[in-house]
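Pasted below: my_file.pdb, PDB, C-alpha atoms and all ligand atoms.
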ATOM      1  CA  MET E  79     -37.145   1.441  -0.587
ATOM      2  CA  PRO E  80     -34.714   0.483  -3.346
ATOM      3  CA  ARG E  81     -31.089   1.431  -2.725
ATOM      4  CA  ILE E  82     -30.821   2.782  -6.254
ATOM      5  CA  PRO E  83     -33.373   5.514  -7.077
ATOM      6  CA  PRO E  84     -35.527   4.570 -10.097
ATOM      7  CA  ASN E  85     -34.309   7.473 -12.272
ATOM      8  CA  THR E  86     -30.625   6.530 -11.792
ATOM      9  CA  ARG E  87     -28.572   6.218 -14.977
ATOM     10  CA  ALA E  88     -25.063   6.041 -13.497
ATOM     11  CA  LEU E  89     -23.267   5.067 -10.303
ATOM     12  CA  PHE E  90     -20.012   6.597  -9.163
ATOM     13  CA  PHE E  91     -17.906   4.979  -6.454
ATOM     14  CA  ASP E  92     -15.373   6.368  -4.023
ATOM     15  CA  ALA E  93     -12.065   4.450  -4.108
ATOM     16  CA  VAL E  94     -10.319   4.164  -0.732
ATOM     17  CA  GLY E  95     -12.477   2.561   1.941
ATOM     18  CA  THR E  96     -15.205   1.738  -0.582
ATOM     19  CA  LEU E  97     -13.588  -0.363  -3.337
ATOM     20  CA  LEU E  98      -9.944  -0.426  -2.227
ATOM     21  CA  PHE E  99      -8.549  -1.129   1.229
ATOM     22  CA  PRO E 100      -4.931  -0.896   2.421
ATOM     23  CA  GLU E 101      -3.677  -4.401   3.276
ATOM     24  CA  PRO E 102      -2.007  -4.412   5.781
ATOM     25  CA  SER E 103      -3.912  -1.505   7.304
ATOM     26  CA  ALA E 104      -2.461   1.996   7.100
ATOM     27  CA  PRO E 105      -1.650   2.223  10.850
ATOM     28  CA  VAL E 106       0.269  -1.065  10.656
ATOM     29  CA  VAL E 107       2.204   0.097   7.568
ATOM     30  CA  TYR E 108       2.978   3.479   9.134
ATOM     31  CA  ALA E 109       4.091   1.869  12.423
ATOM     32  CA  GLU E 110       6.372  -0.570  10.601
ATOM     33  CA  THR E 111       7.828   2.268   8.520
ATOM     34  CA  ALA E 112       8.321   4.434  11.614
ATOM     35  CA  ARG E 113      10.210   1.581  13.268
ATOM     36  CA  ARG E 114      12.465   1.206  10.208
ATOM     37  CA  PHE E 115      13.197   4.914  10.434
ATOM     38  CA  GLY E 116      14.073   4.800  14.122
ATOM     39  CA  LEU E 117      10.764   5.702  15.785
ATOM     40  CA  PRO E 118       8.988   2.952  17.737
ATOM     41  CA  LEU E 119       5.232   3.674  17.636
ATOM     42  CA  SER E 120       2.291   1.325  18.052
ATOM     43  CA  PRO E 121      -0.400   1.232  15.343
ATOM     44  CA  HIS E 122      -2.724   2.795  17.931
ATOM     45  CA  GLU E 123      -0.356   5.722  18.475
ATOM     46  CA  VAL E 124       0.001   6.080  14.710
ATOM     47  CA  ARG E 125      -3.743   6.204  14.305
ATOM     48  CA  THR E 126      -4.156   8.972  16.898
ATOM     49  CA  ARG E 127      -1.410  11.054  15.284
ATOM     50  CA  PHE E 128      -2.728  10.359  11.779
ATOM     51  CA  VAL E 129      -6.261  11.493  12.612
ATOM     52  CA  ALA E 130      -4.944  14.785  14.033
ATOM     53  CA  ALA E 131      -2.696  15.446  11.011
ATOM     54  CA  TYR E 132      -5.428  14.434   8.574
ATOM     55  CA  HIS E 133      -8.027  16.722  10.113
ATOM     56  CA  ALA E 134      -5.621  19.660  10.085
ATOM     57  CA  GLU E 135      -5.281  19.223   6.312
ATOM     58  CA  GLU E 136      -9.047  18.824   5.857
ATOM     59  CA  ALA E 137      -9.490  22.164   7.652
ATOM     60  CA  ALA E 138      -6.876  23.760   5.383
ATOM     61  CA  ASP E 139      -8.694  22.515   2.267
ATOM     62  CA  ALA E 140     -12.062  23.726   3.581
ATOM     63  CA  GLY E 141     -10.476  27.181   3.794
ATOM     64  CA  THR E 142      -9.745  27.176   0.059
ATOM     65  CA  ASP E 143     -13.248  25.966  -0.885
ATOM     66  CA  TRP E 144     -11.847  22.471  -1.590
ATOM     67  CA  ALA E 145      -9.535  23.588  -4.407
ATOM     68  CA  THR E 146      -6.817  21.028  -5.116
ATOM     69  CA  SER E 147      -4.099  20.019  -7.571
ATOM     70  CA  GLU E 148      -1.328  17.416  -7.789
ATOM     71  CA  PRO E 149       1.149  19.772  -6.010
ATOM     72  CA  ARG E 150      -1.421  20.388  -3.259
ATOM     73  CA  GLU E 151      -2.019  16.638  -2.883
ATOM     74  CA  ARG E 152       1.728  15.992  -2.660
ATOM     75  CA  ASP E 153       2.022  18.741  -0.062
ATOM     76  CA  ARG E 154      -1.030  17.473   1.801
ATOM     77  CA  TRP E 155       0.297  13.935   2.057
ATOM     78  CA  ARG E 156       3.765  15.129   2.974
ATOM     79  CA  ARG E 157       2.298  17.114   5.861
ATOM     80  CA  ILE E 158       0.110  14.220   6.985
ATOM     81  CA  VAL E 159       2.999  11.752   6.906
ATOM     82  CA  THR E 160       5.554  14.028   8.514
ATOM     83  CA  GLY E 161       2.997  15.138  11.103
ATOM     84  CA  THR E 162       2.038  11.556  11.905
ATOM     85  CA  LEU E 163       5.606  10.304  12.048
ATOM     86  CA  ALA E 164       7.268  13.365  13.637
ATOM     87  CA  GLY E 165      10.485  12.167  15.251
ATOM     88  CA  VAL E 166      11.680   9.711  12.582
ATOM     89  CA  LEU E 167      15.219   9.832  11.263
ATOM     90  CA  ASP E 168      15.281  11.033   7.640
ATOM     91  CA  PRO E 169      11.699  12.378   7.349
ATOM     92  CA  ASP E 170      12.040  12.833   3.565
ATOM     93  CA  GLY E 171      13.154   9.239   3.041
ATOM     94  CA  CYS E 172      10.377   8.012   5.317
ATOM     95  CA  TYR E 173       7.756  10.019   3.397
ATOM     96  CA  GLN E 174       9.024   8.709   0.057
ATOM     97  CA  HIS E 175       8.982   5.131   1.351
ATOM     98  CA  LEU E 176       5.313   5.439   2.361
ATOM     99  CA  PHE E 177       4.386   7.341  -0.799
ATOM    100  CA  ASP E 178       5.849   4.594  -2.961
ATOM    101  CA  HIS E 179       4.259   1.842  -0.850
ATOM    102  CA  PHE E 180       0.712   3.088  -1.397
ATOM    103  CA  ALA E 181       1.309   3.489  -5.156
ATOM    104  CA  ARG E 182       1.703  -0.291  -5.510
ATOM    105  CA  PRO E 183      -1.247  -2.625  -6.113
ATOM    106  CA  ASP E 184       0.178  -5.181  -3.678
ATOM    107  CA  ALA E 185      -0.416  -2.683  -0.841
ATOM    108  CA  TRP E 186      -4.169  -2.940  -1.452
ATOM    109  CA  ARG E 187      -7.071  -5.370  -1.668
ATOM    110  CA  VAL E 188     -10.371  -4.949  -3.492
ATOM    111  CA  ALA E 189     -13.827  -5.310  -1.930
ATOM    112  CA  PRO E 190     -14.670  -8.994  -2.393
ATOM    113  CA  ASP E 191     -18.099  -8.349  -3.921
ATOM    114  CA  ALA E 192     -17.038  -5.530  -6.277
ATOM    115  CA  ALA E 193     -16.801  -7.551  -9.499
ATOM    116  CA  GLU E 194     -20.175  -9.242  -8.976
ATOM    117  CA  VAL E 195     -21.881  -5.940  -8.136
ATOM    118  CA  PHE E 196     -20.393  -4.176 -11.166
ATOM    119  CA  ALA E 197     -21.555  -6.965 -13.459
ATOM    120  CA  ALA E 198     -25.094  -6.772 -12.091
ATOM    121  CA  LEU E 199     -25.208  -2.968 -12.384
ATOM    122  CA  ARG E 200     -23.911  -3.062 -15.955
ATOM    123  CA  ALA E 201     -26.513  -5.685 -16.806
ATOM    124  CA  ARG E 202     -29.120  -3.108 -15.745
ATOM    125  CA  GLY E 203     -27.616  -0.690 -18.276
ATOM    126  CA  LEU E 204     -26.082   1.628 -15.662
ATOM    127  CA  ARG E 205     -22.917   3.614 -16.367
ATOM    128  CA  LEU E 206     -20.175   3.200 -13.779
ATOM    129  CA  GLY E 207     -17.265   5.330 -12.647
ATOM    130  CA  LEU E 208     -14.800   6.099  -9.879
ATOM    131  CA  GLY E 209     -14.523   9.444  -8.072
ATOM    132  CA  SER E 210     -11.602   9.787  -5.678
ATOM    133  CA  ASN E 211      -9.728  12.303  -3.554
ATOM    134  CA  TYR E 212      -6.663  10.085  -3.874
ATOM    135  CA  ASP E 213      -3.906  11.379  -6.159
ATOM    136  CA  GLU E 214      -2.402  10.138  -9.422
ATOM    137  CA  ARG E 215      -1.079   7.038  -7.623
ATOM    138  CA  LEU E 216      -4.583   5.677  -8.087
ATOM    139  CA  TRP E 217      -3.704   4.887 -11.714
ATOM    140  CA  SER E 218      -0.861   2.526 -10.816
ATOM    141  CA  VAL E 219      -3.024   0.863  -8.159
ATOM    142  CA  LEU E 220      -5.967   0.403 -10.555
ATOM    143  CA  ALA E 221      -3.646  -1.147 -13.140
ATOM    144  CA  GLY E 222      -3.144  -4.079 -10.782
ATOM    145  CA  PHE E 223      -6.839  -4.908 -10.375
ATOM    146  CA  PRO E 224      -8.642  -6.131 -13.505
ATOM    147  CA  GLU E 225     -11.808  -6.579 -11.426
ATOM    148  CA  LEU E 226     -12.032  -2.767 -11.234
ATOM    149  CA  ALA E 227     -11.972  -2.361 -15.032
ATOM    150  CA  PRO E 228     -15.774  -1.768 -15.156
ATOM    151  CA  VAL E 229     -15.320   1.569 -13.319
ATOM    152  CA  CYS E 230     -12.140   2.570 -15.153
ATOM    153  CA  ASP E 231     -13.879   4.066 -18.200
ATOM    154  CA  ARG E 232     -14.719   7.071 -16.030
ATOM    155  CA  VAL E 233     -12.129   7.862 -13.364
ATOM    156  CA  LEU E 234     -12.181  11.307 -11.773
ATOM    157  CA  ILE E 235      -9.303  12.141  -9.441
ATOM    158  CA  SER E 236      -9.856  15.361  -7.554
ATOM    159  CA  ALA E 237      -6.337  16.665  -8.185
ATOM    160  CA  ALA E 238      -7.052  16.539 -11.925
ATOM    161  CA  VAL E 239     -10.558  17.977 -11.538
ATOM    162  CA  GLY E 240      -9.209  20.922  -9.531
ATOM    163  CA  VAL E 241     -11.740  20.583  -6.738
ATOM    164  CA  ARG E 242     -11.970  17.765  -4.234
ATOM    165  CA  LYS E 243     -14.856  16.105  -2.443
ATOM    166  CA  PRO E 244     -16.921  17.388  -0.666
ATOM    167  CA  GLY E 245     -16.852  20.424  -2.987
ATOM    168  CA  SER E 246     -19.933  20.625  -5.219
ATOM    169  CA  GLY E 247     -17.737  21.248  -8.266
ATOM    170  CA  PHE E 248     -16.404  17.710  -7.961
ATOM    171  CA  PHE E 249     -19.890  16.209  -8.146
ATOM    172  CA  ARG E 250     -20.821  18.414 -11.088
ATOM    173  CA  ALA E 251     -17.740  16.997 -12.838
ATOM    174  CA  VAL E 252     -19.028  13.497 -12.020
ATOM    175  CA  ALA E 253     -22.338  14.301 -13.698
ATOM    176  CA  ARG E 254     -20.551  15.654 -16.786
ATOM    177  CA  ALA E 255     -18.398  12.523 -16.995
ATOM    178  CA  THR E 256     -21.517  10.363 -17.081
ATOM    179  CA  GLU E 257     -23.435  12.687 -19.431
ATOM    180  CA  CYS E 258     -26.239  12.691 -16.867
ATOM    181  CA  SER E 259     -27.784  15.313 -14.644
ATOM    182  CA  VAL E 260     -26.599  15.324 -11.009
ATOM    183  CA  ALA E 261     -29.937  13.837  -9.969
ATOM    184  CA  GLU E 262     -29.427  10.833 -12.268
ATOM    185  CA  VAL E 263     -26.157   9.732 -10.647
ATOM    186  CA  LEU E 264     -25.893   7.791  -7.384
ATOM    187  CA  PHE E 265     -22.657   8.368  -5.465
ATOM    188  CA  VAL E 266     -21.467   5.507  -3.241
ATOM    189  CA  GLY E 267     -18.780   6.160  -0.638
ATOM    190  CA  ASP E 268     -17.650   5.474   2.919
ATOM    191  CA  ASP E 269     -16.960   9.047   4.083
ATOM    192  CA  VAL E 270     -19.989  10.736   5.591
ATOM    193  CA  GLY E 271     -18.623  14.233   4.968
ATOM    194  CA  ASN E 272     -16.659  13.992   1.739
ATOM    195  CA  ASP E 273     -18.903  11.500  -0.050
ATOM    196  CA  TYR E 274     -22.397  11.461   1.419
ATOM    197  CA  ALA E 275     -22.815  15.053   2.580
ATOM    198  CA  GLY E 276     -20.834  16.423  -0.374
ATOM    199  CA  ALA E 277     -22.924  14.630  -2.963
ATOM    200  CA  THR E 278     -26.182  15.433  -1.191
ATOM    201  CA  ALA E 279     -25.323  19.146  -1.016
ATOM    202  CA  ALA E 280     -24.640  19.093  -4.768
ATOM    203  CA  GLY E 281     -28.061  17.568  -5.435
ATOM    204  CA  MET E 282     -26.651  14.124  -6.199
ATOM    205  CA  PRO E 283     -28.275  11.130  -4.494
ATOM    206  CA  SER E 284     -25.829   9.226  -2.310
ATOM    207  CA  VAL E 285     -25.521   6.018  -0.344
ATOM    208  CA  LEU E 286     -23.102   5.730   2.561
ATOM    209  CA  LEU E 287     -21.130   2.506   2.848
ATOM    210  CA  ASP E 288     -21.208   2.034   6.609
ATOM    211  CA  PRO E 289     -20.165  -1.540   7.393
ATOM    212  CA  HIS E 290     -19.548  -0.839  11.089
ATOM    213  CA  ASP E 291     -22.872   0.932  11.689
ATOM    214  CA  ARG E 292     -21.217   4.196  12.721
ATOM    215  CA  HIS E 293     -23.819   6.530  11.227
ATOM    216  CA  PRO E 294     -27.303   5.364  12.207
ATOM    217  CA  ASP E 295     -28.522   8.946  11.615
ATOM    218  CA  VAL E 296     -27.805   8.727   7.864
ATOM    219  CA  PRO E 297     -30.970   7.626   6.038
ATOM    220  CA  HIS E 298     -29.306   6.015   3.014
ATOM    221  CA  ARG E 299     -26.776   3.414   4.100
ATOM    222  CA  ILE E 300     -25.499   0.029   3.034
ATOM    223  CA  ALA E 301     -23.328  -2.401   5.014
ATOM    224  CA  SER E 302     -21.784  -3.930   1.878
ATOM    225  CA  LEU E 303     -21.655  -3.145  -1.843
ATOM    226  CA  SER E 304     -23.901  -6.140  -2.537
ATOM    227  CA  GLN E 305     -26.763  -4.385  -0.739
ATOM    228  CA  LEU E 306     -26.896  -1.919  -3.630
ATOM    229  CA  LEU E 307     -28.640  -4.676  -5.551
ATOM    230  CA  ASP E 308     -31.468  -5.090  -3.013
TER     231      ASP E 308
HETATM  232 MG    MG E 401     -13.228   6.640   1.065
END
Go through the file and emit its structure as structure tokens.
Amino acid sequence: MPRIPPNTRALFFDAVGTLLFPEPSAPVVYAETARRFGLPLSPHEVRTRFVAAYHAEEAADAGTDWATSEPRERDRWRRIVTGTLAGVLDPDGCYQHLFDHFARPDAWRVAPDAAEVFAALRARGLRLGLGSNYDERLWSVLAGFPELAPVCDRVLISAAVGVRKPGSGFFRAVARATECSVAEVLFVGDDVGNDYAGATAAGMPSVLLDPHDRHPDVPHRIASLSQLLD
């Protein structure tokens, strides 16, 4: 079965974990920052704390039907960072340090096959775009990666949309941005809940990027972006 349904007119991609990856990894950056702010933690300890803080915020957003805004995103990240790094000296300074770090292109790397895949998809006449739950920092990150220009004509950031993934309103906004129906867009992302399940519930076909084979139960999966072209 082709990865891209035959009636597809546009592809939308998630950003973090799909096209963009923190380099060094987020747990390493958080652990190094914690150490600078007086709290020795291993990347493993950071990861455990991060997952707990992150899921608490996901639950909070589910309770508001996935409504979001720039102030909510700022608040969300502040809670995640301060929850993860509870015990640092100067929590505000520590939060700002991490916030600024992840706004810089040099904190990230791009999927190695992204440019080649975008070129091939465009050659097939498909419209491309980026749909992210990240905040307005995405703009400064994208500015550092010319290879992502093919998806930059249509960038939807949930804080600006007013509803975040997995909310159906986000995927309806994706369809509007492509001037297609929801069924004519394929959403590609690495998060089984926010991307795959969210898109599917909205009636939008989706492919899960699952390079570590964590979701064998999901019928539509790819291990790399290049497999979209199969
Ligand atoms: Mg992601």
*Measuring atom to atom with only C-alpha atoms and all ligand atoms, identify which of E:Tyr108, E:Phe99, E:Tyr173, E:Phe90 is nearest to ligand MG 401 (chain E).*
E:Phe99
_Neighbourhood of ligand MG 401 (chain E) at 10 Å, counting all atoms listed in the file, reported as number ranges by chain_ = E: 91-99, 209-212, 266-270, 272-273, 287
Dump as a PDB file, in the frame of the given file, selection limited to C-alpha atoms:
ATOM      1  CA  PHE E  91     -17.906   4.979  -6.454  1.00  0.00           C
ATOM      2  CA  ASP E  92     -15.373   6.368  -4.023  1.00  0.00           C
ATOM      3  CA  ALA E  93     -12.065   4.450  -4.108  1.00  0.00           C
ATOM      4  CA  VAL E  94     -10.319   4.164  -0.732  1.00  0.00           C
ATOM      5  CA  GLY E  95     -12.477   2.561   1.941  1.00  0.00           C
ATOM      6  CA  THR E  96     -15.205   1.738  -0.582  1.00  0.00           C
ATOM      7  CA  LEU E  97     -13.588  -0.363  -3.337  1.00  0.00           C
ATOM      8  CA  LEU E  98      -9.944  -0.426  -2.227  1.00  0.00           C
ATOM      9  CA  PHE E  99      -8.549  -1.129   1.229  1.00  0.00           C
ATOM     10  CA  GLY E 209     -14.523   9.444  -8.072  1.00  0.00           C
ATOM     11  CA  SER E 210     -11.602   9.787  -5.678  1.00  0.00           C
ATOM     12  CA  ASN E 211      -9.728  12.303  -3.554  1.00  0.00           C
ATOM     13  CA  TYR E 212      -6.663  10.085  -3.874  1.00  0.00           C
ATOM     14  CA  VAL E 266     -21.467   5.507  -3.241  1.00  0.00           C
ATOM     15  CA  GLY E 267     -18.780   6.160  -0.638  1.00  0.00           C
ATOM     16  CA  ASP E 268     -17.650   5.474   2.919  1.00  0.00           C
ATOM     17  CA  ASP E 269     -16.960   9.047   4.083  1.00  0.00           C
ATOM     18  CA  VAL E 270     -19.989  10.736   5.591  1.00  0.00           C
ATOM     19  CA  ASN E 272     -16.659  13.992   1.739  1.00  0.00           C
ATOM     20  CA  ASP E 273     -18.903  11.500  -0.050  1.00  0.00           C
ATOM     21  CA  LEU E 287     -21.130   2.506   2.848  1.00  0.00           C
TER      22      LEU E 287
END
*asked:* Neighbouring residues of segment 236-248 of chain E were defined as those with any atom within 10 Å, considering all atoms listed in the file; residues of the same chain fewer than 3 positions away were excluded. Please report them as a ChimeraX atom specification.
replied: /E:92,139-140,142-152,209-214,233,251-254,269-282
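Atom CA of Pro83 of chain E to atom CA of Pro190 of chain E spans 24.1 Å [interatomic distance, one decimal].
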*Using only C-alpha atoms, which of E:Ala130, E:Ala112, E:Val195, E:Val124 sits nearest Asp168 of chain E?*
E:Ala112
*Using the chain letters and numbers from the file, which residues does the PyMOL selection byres (((chain E and resi 174-177) around 9) and not hetatm) grab, as a PyMOL selection string?*
chain E and resi 107-108+111+155-156+159+169-173+178-181+215
Could you produce a table of the residues of segment 167-285 of chain E lying within 7 Å of segment 100-105 of chain E, with the nearest pair of atoms per residue and their separation in Å rounded to one decimal, using only C-alpha atoms, ordered by chain and increasing residue number, as CSV?
residue,atom,partner,partner_atom,distance
E:Ala185,CA,E:Glu101,CA,5.5
E:Trp186,CA,E:Pro100,CA,4.4
E:Arg187,CA,E:Glu101,CA,6.1
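Atom CA of Cys230 of chain E is positioned 6.9 Å from atom CA of Leu208 of chain E.
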*Give me, please, the distance in Å between atom CA of Gln305 of chain E and atom CA of Phe249 of chain E, quoted to one decimal.*
22.9 Å
*Pick the closest to Ile300 of chain E from E:Ile235, E:Val263, E:Val285, E:Leu220: which is it, counting all atoms listed in the file?*
E:Val285
Centre, edges in Å (one decimal): axis-aligned box, segment 156-173 of chain E, 6 Å padding on all six sides, as lines of an AutoDock Vina configuration file:
center_x = 7.7
center_y = 12.6
center_z = 9.1
size_x = 27.2
size_y = 21.1
size_z = 24.3
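Using all atoms listed in the file, the residues found no farther than 10 Å from Leu204 of chain E, other than those of its own chain fewer than 2 positions away, are Thr86, Arg87, Ala88, Leu89, Phe196, Ala197, Ala198, Leu199, Arg200, Ala201, Arg202, Leu206, Thr256 and Val263 of chain E.
Residue nearest His298 of chain E, chosen from E:Trp217, E:Phe265, E:Phe223, E:Phe115 and counting all atoms listed in the file: E:Phe265.
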Would you mind completing segment 125-139 of chain E to N, CA, C and O atoms and writing the output as a PDB file, in the coordinates of the input?
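And here's selection-v7.pdb as it stands now:
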ATOM      1  N   ARG E 125      -2.377   5.838  14.682  1.00  0.00           N
ATOM      2  CA  ARG E 125      -3.743   6.204  14.305  1.00  0.00           C
ATOM      3  C   ARG E 125      -4.144   7.545  14.927  1.00  0.00           C
ATOM      4  O   ARG E 125      -4.718   8.404  14.261  1.00  0.00           O
ATOM      5  N   THR E 126      -3.830   7.720  16.205  1.00  0.00           N
ATOM      6  CA  THR E 126      -4.156   8.972  16.898  1.00  0.00           C
ATOM      7  C   THR E 126      -3.457  10.153  16.236  1.00  0.00           C
ATOM      8  O   THR E 126      -4.066  11.196  15.967  1.00  0.00           O
ATOM      9  N   ARG E 127      -2.167   9.975  15.924  1.00  0.00           N
ATOM     10  CA  ARG E 127      -1.410  11.054  15.284  1.00  0.00           C
ATOM     11  C   ARG E 127      -1.931  11.310  13.866  1.00  0.00           C
ATOM     12  O   ARG E 127      -2.012  12.460  13.434  1.00  0.00           O
ATOM     13  N   PHE E 128      -2.257  10.227  13.163  1.00  0.00           N
ATOM     14  CA  PHE E 128      -2.728  10.359  11.779  1.00  0.00           C
ATOM     15  C   PHE E 128      -4.036  11.162  11.730  1.00  0.00           C
ATOM     16  O   PHE E 128      -4.198  12.055  10.901  1.00  0.00           O
ATOM     17  N   VAL E 129      -4.952  10.820  12.609  1.00  0.00           N
ATOM     18  CA  VAL E 129      -6.261  11.493  12.612  1.00  0.00           C
ATOM     19  C   VAL E 129      -6.080  12.986  12.838  1.00  0.00           C
ATOM     20  O   VAL E 129      -6.703  13.816  12.161  1.00  0.00           O
ATOM     21  N   ALA E 130      -5.182  13.361  13.757  1.00  0.00           N
ATOM     22  CA  ALA E 130      -4.944  14.785  14.033  1.00  0.00           C
ATOM     23  C   ALA E 130      -4.347  15.476  12.806  1.00  0.00           C
ATOM     24  O   ALA E 130      -4.794  16.563  12.412  1.00  0.00           O
ATOM     25  N   ALA E 131      -3.348  14.834  12.180  1.00  0.00           N
ATOM     26  CA  ALA E 131      -2.696  15.446  11.011  1.00  0.00           C
ATOM     27  C   ALA E 131      -3.670  15.526   9.840  1.00  0.00           C
ATOM     28  O   ALA E 131      -3.721  16.530   9.119  1.00  0.00           O
ATOM     29  N   TYR E 132      -4.466  14.487   9.672  1.00  0.00           N
ATOM     30  CA  TYR E 132      -5.428  14.434   8.574  1.00  0.00           C
ATOM     31  C   TYR E 132      -6.466  15.546   8.715  1.00  0.00           C
ATOM     32  O   TYR E 132      -6.766  16.262   7.768  1.00  0.00           O
ATOM     33  N   HIS E 133      -6.993  15.715   9.911  1.00  0.00           N
ATOM     34  CA  HIS E 133      -8.027  16.722  10.113  1.00  0.00           C
ATOM     35  C   HIS E 133      -7.484  18.134   9.960  1.00  0.00           C
ATOM     36  O   HIS E 133      -8.208  19.021   9.501  1.00  0.00           O
ATOM     37  N   ALA E 134      -6.233  18.338  10.294  1.00  0.00           N
ATOM     38  CA  ALA E 134      -5.621  19.660  10.085  1.00  0.00           C
ATOM     39  C   ALA E 134      -5.604  19.990   8.592  1.00  0.00           C
ATOM     40  O   ALA E 134      -5.880  21.125   8.184  1.00  0.00           O
ATOM     41  N   GLU E 135      -5.310  18.993   7.761  1.00  0.00           N
ATOM     42  CA  GLU E 135      -5.281  19.223   6.312  1.00  0.00           C
ATOM     43  C   GLU E 135      -6.687  19.375   5.736  1.00  0.00           C
ATOM     44  O   GLU E 135      -6.894  20.149   4.793  1.00  0.00           O
ATOM     45  N   GLU E 136      -7.653  18.647   6.294  1.00  0.00           N
ATOM     46  CA  GLU E 136      -9.047  18.824   5.857  1.00  0.00           C
ATOM     47  C   GLU E 136      -9.487  20.262   6.122  1.00  0.00           C
ATOM     48  O   GLU E 136     -10.128  20.895   5.277  1.00  0.00           O
ATOM     49  N   ALA E 137      -9.113  20.791   7.295  1.00  0.00           N
ATOM     50  CA  ALA E 137      -9.490  22.164   7.652  1.00  0.00           C
ATOM     51  C   ALA E 137      -8.831  23.153   6.694  1.00  0.00           C
ATOM     52  O   ALA E 137      -9.458  24.140   6.275  1.00  0.00           O
ATOM     53  N   ALA E 138      -7.577  22.869   6.317  1.00  0.00           N
ATOM     54  CA  ALA E 138      -6.876  23.760   5.383  1.00  0.00           C
ATOM     55  C   ALA E 138      -7.586  23.767   4.027  1.00  0.00           C
ATOM     56  O   ALA E 138      -7.773  24.823   3.410  1.00  0.00           O
ATOM     57  N   ASP E 139      -8.014  22.596   3.564  1.00  0.00           N
ATOM     58  CA  ASP E 139      -8.694  22.515   2.267  1.00  0.00           C
ATOM     59  C   ASP E 139     -10.076  23.166   2.307  1.00  0.00           C
ATOM     60  O   ASP E 139     -10.521  23.761   1.319  1.00  0.00           O
TER      61      ASP E 139
END
